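Enquirer: Structure file my_file-v2.cif (mmCIF, C-alpha atoms) is given on the next line.
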data_coords
loop_
_atom_site.label_atom_id
_atom_site.label_comp_id
_atom_site.auth_asym_id
_atom_site.auth_seq_id
_atom_site.Cartn_x
_atom_site.Cartn_y
_atom_site.Cartn_z
CA MET A 15 0.00 0.00 0.00
CA GLU A 16 1.37 3.39 -0.96
CA VAL A 17 1.98 5.79 1.93
CA ARG A 18 -0.13 8.96 1.92
CA ALA A 19 2.05 12.02 2.48
CA VAL A 20 0.77 14.46 5.12
CA THR A 21 1.45 18.20 5.02
CA VAL A 22 2.06 19.96 8.34
CA GLY A 23 2.38 23.69 7.82
CA ASN A 24 5.14 23.98 5.21
CA VAL A 25 6.52 20.48 5.92
CA THR A 26 5.56 17.19 4.26
CA VAL A 27 5.80 13.94 6.20
CA GLY A 28 5.96 10.71 4.21
CA ALA A 29 7.08 12.14 0.90
CA GLY A 30 10.64 10.83 0.87
CA ARG A 31 13.33 12.23 3.14
CA PRO A 32 12.49 11.74 6.84
CA VAL A 33 11.86 14.77 9.05
CA LEU A 34 13.01 15.65 12.55
CA ILE A 35 10.51 16.76 15.20
CA ALA A 36 11.93 18.12 18.46
CA GLY A 37 10.99 20.18 21.49
CA PRO A 38 10.30 19.96 25.21
CA CYS A 39 8.06 17.35 26.77
CA SER A 40 6.25 20.22 28.50
CA VAL A 41 6.17 23.92 27.70
CA GLU A 42 7.32 25.52 30.96
CA ASN A 43 7.78 29.19 30.06
CA LEU A 44 8.21 31.43 27.03
CA GLU A 45 11.97 31.88 27.45
CA MET A 46 12.48 28.12 27.43
CA ILE A 47 10.36 27.39 24.36
CA ARG A 48 12.02 30.26 22.46
CA ALA A 49 15.47 28.89 23.24
CA VAL A 50 14.51 25.40 22.11
CA ALA A 51 12.76 26.68 18.96
CA ALA A 52 15.78 28.75 17.96
CA ALA A 53 18.11 25.78 18.43
CA ALA A 54 15.72 23.43 16.62
CA VAL A 55 15.52 25.63 13.54
CA LYS A 56 19.28 26.10 13.50
CA SER A 57 19.80 22.33 13.78
CA GLY A 58 17.54 21.46 10.85
CA VAL A 59 14.48 20.35 12.81
CA SER A 60 11.32 20.63 10.69
CA ILE A 61 8.55 20.60 13.33
CA LEU A 62 8.56 21.91 16.92
CA ARG A 63 6.86 19.78 19.59
CA GLY A 64 5.72 20.87 23.04
CA GLY A 65 3.18 19.66 25.57
CA SER A 66 0.59 22.05 26.98
CA PHE A 67 -1.93 19.49 28.25
CA LYS A 68 0.05 16.72 29.93
CA PRO A 69 -1.43 13.35 30.94
CA ARG A 70 0.73 12.12 33.84
CA THR A 71 0.70 8.88 35.77
CA SER A 72 0.62 10.75 39.08
CA PRO A 73 -2.10 13.38 39.58
CA TYR A 74 0.45 15.34 41.63
CA SER A 75 2.95 15.69 38.78
CA PHE A 76 3.14 18.79 36.57
CA GLN A 77 0.11 18.73 34.27
CA GLY A 78 1.17 21.41 31.79
CA LEU A 79 0.26 25.06 31.35
CA GLY A 80 -2.87 24.44 29.28
CA ILE A 81 -4.01 27.33 27.11
CA GLU A 82 -1.10 29.48 28.28
CA GLY A 83 1.29 26.84 26.98
CA LEU A 84 -0.47 26.80 23.61
CA GLN A 85 -0.09 30.57 23.40
CA MET A 86 3.64 30.22 24.02
CA LEU A 87 3.91 27.60 21.30
CA ASP A 88 1.99 29.85 18.94
CA ALA A 89 4.35 32.73 19.69
CA ALA A 90 7.36 30.51 18.98
CA ARG A 91 5.99 29.17 15.71
CA ARG A 92 5.31 32.70 14.49
CA GLU A 93 8.69 34.06 15.57
CA PHE A 94 10.72 31.18 14.12
CA SER A 95 8.41 30.19 11.22
CA ILE A 96 8.24 26.54 12.24
CA PRO A 97 5.07 24.40 12.44
CA VAL A 98 4.19 22.99 15.87
CA VAL A 99 2.56 19.84 17.21
CA SER A 100 0.93 19.53 20.64
CA GLU A 101 -1.29 17.02 22.41
CA VAL A 102 -4.95 17.22 23.37
CA MET A 103 -6.53 14.96 25.99
CA SER A 104 -10.22 15.78 25.60
CA ILE A 105 -12.72 17.06 23.06
CA ASP A 106 -13.01 20.49 24.69
CA GLN A 107 -9.28 21.08 24.13
CA ILE A 108 -9.54 20.68 20.36
CA GLU A 109 -11.04 24.04 19.45
CA PRO A 110 -8.45 26.25 21.19
CA SER A 111 -5.67 24.05 19.83
CA LEU A 112 -6.87 24.51 16.25
CA GLU A 113 -6.09 28.19 16.50
CA MET A 114 -2.52 27.74 17.73
CA VAL A 115 -0.98 24.50 16.46
CA ASP A 116 -0.39 22.98 13.03
CA MET A 117 -0.76 19.33 14.09
CA ILE A 118 -2.64 17.72 16.98
CA GLN A 119 -1.16 14.80 18.88
CA VAL A 120 -3.10 11.96 20.48
CA GLY A 121 -0.99 10.47 23.25
CA ALA A 122 -0.52 6.79 24.01
CA ARG A 123 -3.00 6.91 26.89
CA ASN A 124 -5.73 8.24 24.59
CA MET A 125 -5.20 5.95 21.60
CA HIS A 126 -8.43 4.15 22.59
CA ASN A 127 -10.37 7.34 23.39
CA PHE A 128 -12.79 6.78 20.52
CA PRO A 129 -14.97 9.89 21.04
CA LEU A 130 -11.80 12.03 20.94
CA LEU A 131 -10.55 10.28 17.80
CA SER A 132 -13.90 10.75 16.06
CA ALA A 133 -14.00 14.43 17.00
CA LEU A 134 -10.50 14.92 15.60
CA GLY A 135 -11.67 13.21 12.43
CA ARG A 136 -14.12 16.06 11.93
CA THR A 137 -11.30 18.63 11.85
CA ASP A 138 -9.00 19.44 8.94
CA ARG A 139 -5.83 19.36 11.05
CA PRO A 140 -3.12 16.69 10.65
CA ILE A 141 -3.19 14.19 13.53
CA LEU A 142 -0.19 12.49 15.14
CA LEU A 143 -1.46 9.25 16.65
CA LYS A 144 0.81 7.58 19.18
CA ARG A 145 0.59 3.84 19.71
CA GLY A 146 -0.81 2.77 23.06
CA PHE A 147 1.78 1.07 25.24
CA MET A 148 -0.29 -2.15 25.34
CA ALA A 149 -1.77 -1.93 21.83
CA THR A 150 -1.26 -4.35 18.98
CA ILE A 151 -0.47 -2.99 15.53
CA GLU A 152 -3.99 -3.88 14.39
CA GLU A 153 -5.55 -1.94 17.29
CA TRP A 154 -3.32 1.04 16.46
CA LEU A 155 -4.38 0.99 12.82
CA MET A 156 -8.05 0.65 13.77
CA ALA A 157 -7.70 3.67 16.08
CA ALA A 158 -6.47 5.63 13.06
CA GLU A 159 -9.53 4.50 11.14
CA TYR A 160 -11.77 6.19 13.73
CA ILE A 161 -10.21 9.46 12.57
CA VAL A 162 -10.29 8.64 8.87
CA LYS A 163 -13.90 7.42 9.02
CA GLU A 164 -15.00 10.94 9.97
CA GLY A 165 -13.32 12.46 6.91
CA ASN A 166 -9.79 13.33 8.02
CA ASP A 167 -7.15 11.12 6.40
CA ARG A 168 -4.22 13.34 7.40
CA VAL A 169 -2.90 10.86 9.95
CA VAL A 170 0.71 10.21 10.95
CA LEU A 171 1.44 7.28 13.27
CA CYS A 172 4.04 7.37 16.03
CA GLU A 173 5.74 4.23 17.36
CA ARG A 174 6.84 5.08 20.91
CA GLY A 175 7.53 1.68 22.36
CA ILE A 176 5.31 -0.91 23.99
CA ARG A 177 5.33 -2.32 27.51
CA THR A 178 7.22 -5.59 27.92
CA PHE A 179 8.90 -7.44 30.79
CA GLU A 180 12.24 -5.66 30.13
CA PRO A 181 13.00 -3.31 33.09
CA TRP A 182 16.13 -1.56 31.77
CA THR A 183 14.19 0.69 29.39
CA ARG A 184 10.96 2.63 29.89
CA ASN A 185 9.31 0.67 27.07
CA THR A 186 10.51 -1.55 24.21
CA LEU A 187 10.78 0.01 20.76
CA ASP A 188 8.94 -2.20 18.26
CA ILE A 189 11.00 -1.79 15.10
CA SER A 190 8.85 -4.26 13.15
CA ALA A 191 5.85 -1.95 13.65
CA VAL A 192 7.43 0.71 11.42
CA PRO A 193 7.36 -1.16 8.09
CA LEU A 194 4.22 -3.12 9.03
CA ALA A 195 2.15 -0.03 9.85
CA ARG A 196 3.35 1.70 6.68
CA MET A 197 2.57 -1.29 4.48
CA LEU A 198 -0.74 -2.29 6.06
CA GLY A 199 -2.16 1.14 6.85
CA GLY A 200 -0.60 3.41 4.26
CA TYR A 201 0.19 6.03 6.93
CA PRO A 202 3.53 7.75 7.46
CA VAL A 203 5.21 6.44 10.63
CA ILE A 204 7.59 8.33 12.88
CA VAL A 205 9.60 6.93 15.78
CA ASP A 206 9.87 8.40 19.29
CA PRO A 207 13.00 6.90 20.87
CA CYS A 208 12.62 9.05 23.99
CA HIS A 209 9.47 7.39 25.31
CA ALA A 210 10.62 4.03 23.99
CA SER A 211 13.82 4.02 26.04
CA GLY A 212 13.47 6.65 28.75
CA ARG A 213 17.25 6.97 28.46
CA ARG A 214 19.22 9.76 26.83
CA ASP A 215 22.12 7.43 26.00
CA LEU A 216 19.93 5.21 23.78
CA LEU A 217 18.26 7.90 21.69
CA GLU A 218 20.67 8.00 18.77
CA PRO A 219 20.99 4.24 18.12
CA LEU A 220 17.22 3.78 18.40
CA ALA A 221 16.59 6.73 16.09
CA MET A 222 18.96 5.24 13.52
CA ALA A 223 17.28 1.86 13.85
CA GLY A 224 13.91 3.49 13.19
CA LEU A 225 15.22 5.29 10.12
CA ALA A 226 16.81 2.10 8.81
CA ALA A 227 13.41 0.39 9.17
CA GLY A 228 11.82 3.05 6.97
CA ALA A 229 10.50 5.62 9.47
CA ASP A 230 9.30 8.88 7.97
CA GLY A 231 10.64 10.89 10.88
CA ILE A 232 12.11 10.95 14.37
CA MET A 233 10.64 12.82 17.36
CA LEU A 234 12.98 13.95 20.14
CA GLU A 235 12.55 15.67 23.48
CA VAL A 236 14.80 18.65 24.17
CA HIS A 237 15.24 20.93 27.19
CA PRO A 238 17.75 23.72 27.89
CA GLU A 239 18.47 22.11 31.28
CA PRO A 240 17.24 18.49 31.28
CA GLU A 241 18.14 17.98 34.93
CA LYS A 242 15.66 20.73 35.84
CA ALA A 243 12.84 19.67 33.48
CA LEU A 244 9.39 19.40 35.03
CA SER A 245 8.77 16.20 33.05
CA ASP A 246 10.87 13.55 31.29
CA GLY A 247 14.26 15.16 31.92
CA GLY A 248 16.06 11.82 31.89
CA GLN A 249 15.07 11.16 28.28
CA SER A 250 15.57 14.71 27.01
CA LEU A 251 18.52 16.07 25.09
CA SER A 252 20.24 19.30 26.03
CA ILE A 253 20.46 21.93 23.30
CA PRO A 254 24.13 21.11 22.48
CA GLU A 255 23.21 17.41 22.37
CA LEU A 256 20.34 18.16 19.97
CA THR A 257 22.70 20.06 17.68
CA LEU A 258 25.16 17.17 17.53
CA MET A 259 22.56 14.42 17.19
CA ALA A 260 20.46 16.25 14.61
CA GLY A 261 23.55 16.81 12.49
CA ARG A 262 24.48 13.13 12.58
CA LEU A 263 20.93 11.97 11.87
CA LEU A 264 20.43 14.39 8.98
CA ASN A 265 23.75 13.35 7.44
CA TRP A 266 22.90 9.69 7.89
CA MET A 267 19.50 10.15 6.27
CA ASP A 268 21.31 10.95 3.02
CA THR A 269 23.09 7.57 3.07
CA ILE A 270 20.18 5.18 3.67
CA PRO A 271 18.11 3.83 0.76
CA GLN A 272 14.56 5.08 0.46
CA TYR A 273 11.95 2.65 1.73
CA GLU A 274 10.06 0.79 -1.01
CA LYS A 275 6.60 2.30 -0.66
CA ASP A 276 4.96 -0.18 -2.99
CA CYS A 277 6.32 -3.22 -1.17
CA GLU A 278 3.62 -5.61 0.03
CA PRO A 279 3.97 -8.03 2.98
CA GLY A 280 5.92 -11.07 1.91
CA MET A 281 7.51 -9.35 -1.11
CA ASP A 282 11.22 -8.59 -1.37
CA GLY A 283 10.69 -5.22 -3.03
CA GLY A 284 13.06 -6.17 -5.84
#
Show this structure as structure tokens.
Expert:
Amino acid sequence: MEVRAVTVGNVTVGAGRPVLIAGPCSVENLEMIRAVAAAAVKSGVSILRGGSFKPRTSPYSFQGLGIEGLQMLDAARREFSIPVVSEVMSIDQIEPSLEMVDMIQVGARNMHNFPLLSALGRTDRPILLKRGFMATIEEWLMAAEYIVKEGNDRVVLCERGIRTFEPWTRNTLDISAVPLARMLGGYPVIVDPCHASGRRDLLEPLAMAGLAAGADGIMLEVHPEPEKALSDGGQSLSIPELTLMAGRLLNWMDTIPQYEKDCEPGMDGG
């Protein structure tokens, strides 16, 4: 099945060369998001990410700045001319997000929130759909169909690792899901090595593995001071680390063969 390219602002995902998406797990203040946006643009990142509504395991953890965070993202995208992606957790958060972001993310915890998926299907905004941490590939693809069924086929899938018995990483990155989801669903697929590993030292090899498997992009978490981040500091790159890693990934993208988009399961693509 041929992959449908998805346009996000002035960026196309799934049209050939993979893209880099980077930004903080949570938008904490305007100064921080401006610093990250400036570094991202300079490093060749195509899309800026940042969480304003944050689903957290503990109700006592930082939950994001909400609308104020969206306003900061909007200010950054205007200042640095870069499209932004941010998550919504409920239907009532969709409308304000439409005014301030270029792509809406559905997090892993909401992959099975069918009313939310259907509501997003009635918008014209590209949707980044993360795989649930206990979801099969079929369940992930069917979740995407809830969006498409309502008229919005601008869906990009995100493989962010699934829960296994392995305790040394936050989750386990399912590399096989990248070509399978592309072939069976026809959606672009990006890889999030940050949530897959939970470890800064594994981000680059996992990102390269995702690209080698045919991923249409890589999503990274970045913070000016990861040790002070209000969420996910241990899996976030510093700005100098982003610069170095982005340079290596972008150079490496030019050396890997393009994924055979017309390859069907069981075929060798030759």
Enquirer: Run through the PyMOL selection byres ((chain A and resi 214) around 12) on the given coordinates and return the selected residues as an NGL selection string.
Expert: :A and (183-184 or 207-213 or 215-221 or 234-237 or 240-241 or 246-252 or 255-256 or 259)
Enquirer: Run the PyMOL selection byres ((chain A and resi 230) around 6) mentally over the shown coordinates, then write out the matched residues as a PyMOL selection string, using the chain letters and numbers from the document.
Expert: chain A and resi 28+32+202-204+229+231
Enquirer: Include C-alpha atoms and write out the residues we just selected as a PDB file, in the frame of the given file.
Expert:
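Final output, saved to again.pdb:
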ATOM      1  CA  GLY A  28       5.960  10.710   4.210  1.00  0.00           C
ATOM      2  CA  PRO A  32      12.490  11.740   6.840  1.00  0.00           C
ATOM      3  CA  PRO A 202       3.530   7.750   7.460  1.00  0.00           C
ATOM      4  CA  VAL A 203       5.210   6.440  10.630  1.00  0.00           C
ATOM      5  CA  ILE A 204       7.590   8.330  12.880  1.00  0.00           C
ATOM      6  CA  ALA A 229      10.500   5.620   9.470  1.00  0.00           C
ATOM      7  CA  GLY A 231      10.640  10.890  10.880  1.00  0.00           C
TER       8      GLY A 231
END
Enquirer: The PyMOL selection byres ((chain A and resi 164) around 8) on the file shown: which residues, as a ChimeraX atom specification?
Expert: /A:132-133,135-136,160-163,165-166
Enquirer: Using all atoms listed in the file, which of A:Val169, A:Met197, A:Ala223, A:Cys39 sits nearest Val27 of chain A?
Expert: A:Val169
Enquirer: Under the rule that all atoms listed in the file are counted, which of A:Ser60, A:Ser72, A:Thr257, A:Ser111 is the nearest residue to Phe94 of chain A?
Expert: A:Ser60
Enquirer: For a quick check of understanding, using only C-alpha atoms, which of A:Ile189, A:Ala227, A:Leu34, A:Leu143 has the smallest distance to Glu159 of chain A?
Expert: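 Closest candidate: A:Leu143.
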Enquirer: If I take atom CA of Ala52 of chain A and atom CA of Lys242 of chain A, how far is one from the other in Å, to one decimal?
Expert: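 Taking atom CA of Ala52 of chain A as the start and atom CA of Lys242 of chain A as the end point, the length is 19.6 Å.
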Enquirer: Show me, as a PyMOL selection string, the residues that have an atom within 12 Å of Ile151 of chain A when counting only C-alpha atoms, minus same-chain residues fewer than 3 positions from it.
Expert: chain A and resi 125+144-148+154-158+171-173+175-176+188-199
Enquirer: For the selection you just gave me, I'd like the residues written to a file as an mmCIF file, keeping the file's coordinate frame, keeping C-alpha atoms.
Expert:
data_model
loop_
_atom_site.group_PDB
_atom_site.id
_atom_site.type_symbol
_atom_site.label_atom_id
_atom_site.label_comp_id
_atom_site.auth_asym_id
_atom_site.auth_seq_id
_atom_site.Cartn_x
_atom_site.Cartn_y
_atom_site.Cartn_z
ATOM 1 C CA MET A 125 -5.200 5.950 21.600
ATOM 2 C CA LYS A 144 0.810 7.580 19.180
ATOM 3 C CA ARG A 145 0.590 3.840 19.710
ATOM 4 C CA GLY A 146 -0.810 2.770 23.060
ATOM 5 C CA PHE A 147 1.780 1.070 25.240
ATOM 6 C CA MET A 148 -0.290 -2.150 25.340
ATOM 7 C CA TRP A 154 -3.320 1.040 16.460
ATOM 8 C CA LEU A 155 -4.380 0.990 12.820
ATOM 9 C CA MET A 156 -8.050 0.650 13.770
ATOM 10 C CA ALA A 157 -7.700 3.670 16.080
ATOM 11 C CA ALA A 158 -6.470 5.630 13.060
ATOM 12 C CA LEU A 171 1.440 7.280 13.270
ATOM 13 C CA CYS A 172 4.040 7.370 16.030
ATOM 14 C CA GLU A 173 5.740 4.230 17.360
ATOM 15 C CA GLY A 175 7.530 1.680 22.360
ATOM 16 C CA ILE A 176 5.310 -0.910 23.990
ATOM 17 C CA ASP A 188 8.940 -2.200 18.260
ATOM 18 C CA ILE A 189 11.000 -1.790 15.100
ATOM 19 C CA SER A 190 8.850 -4.260 13.150
ATOM 20 C CA ALA A 191 5.850 -1.950 13.650
ATOM 21 C CA VAL A 192 7.430 0.710 11.420
ATOM 22 C CA PRO A 193 7.360 -1.160 8.090
ATOM 23 C CA LEU A 194 4.220 -3.120 9.030
ATOM 24 C CA ALA A 195 2.150 -0.030 9.850
ATOM 25 C CA ARG A 196 3.350 1.700 6.680
ATOM 26 C CA MET A 197 2.570 -1.290 4.480
ATOM 27 C CA LEU A 198 -0.740 -2.290 6.060
ATOM 28 C CA GLY A 199 -2.160 1.140 6.850
#
Enquirer: Using only C-alpha atoms, which of A:Leu87, A:Asn43, A:Tyr201, A:Ala260 sits nearest Ala29 of chain A?
Expert: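 Of A:Leu87, A:Asn43, A:Tyr201, A:Ala260, the one nearest Ala29 of chain A is A:Tyr201, counting only C-alpha atoms.
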Enquirer: Would you please work out which residue, of A:Ser66, A:Ser100, A:Thr178, A:Ser95, is nearest to Ser40 of chain A when using all atoms listed in the file?
Expert: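 Using all atoms listed in the file, the shortest distance to Ser40 of chain A belongs to A:Ser66.
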Enquirer: For Ile253 of chain A, which residue out of A:Ile47, A:Met117, A:Pro238, A:Arg168 is the nearest one, using all atoms listed in the file?
Expert: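 Closest to Ile253 of chain A, using all atoms listed in the file: A:Pro238.
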Enquirer: Using atom CA of Leu84 of chain A and atom CA of Asp167 of chain A as the two end points, give the distance in Å to one decimal.
Expert: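 So the two atoms, atom CA of Leu84 of chain A and atom CA of Asp167 of chain A, lie 24.2 Å apart.
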Enquirer: Quick one: distance from atom CA of Met103 of chain A to atom CA of Ile118 of chain A in Å, one decimal?
Expert: 10.2 Å
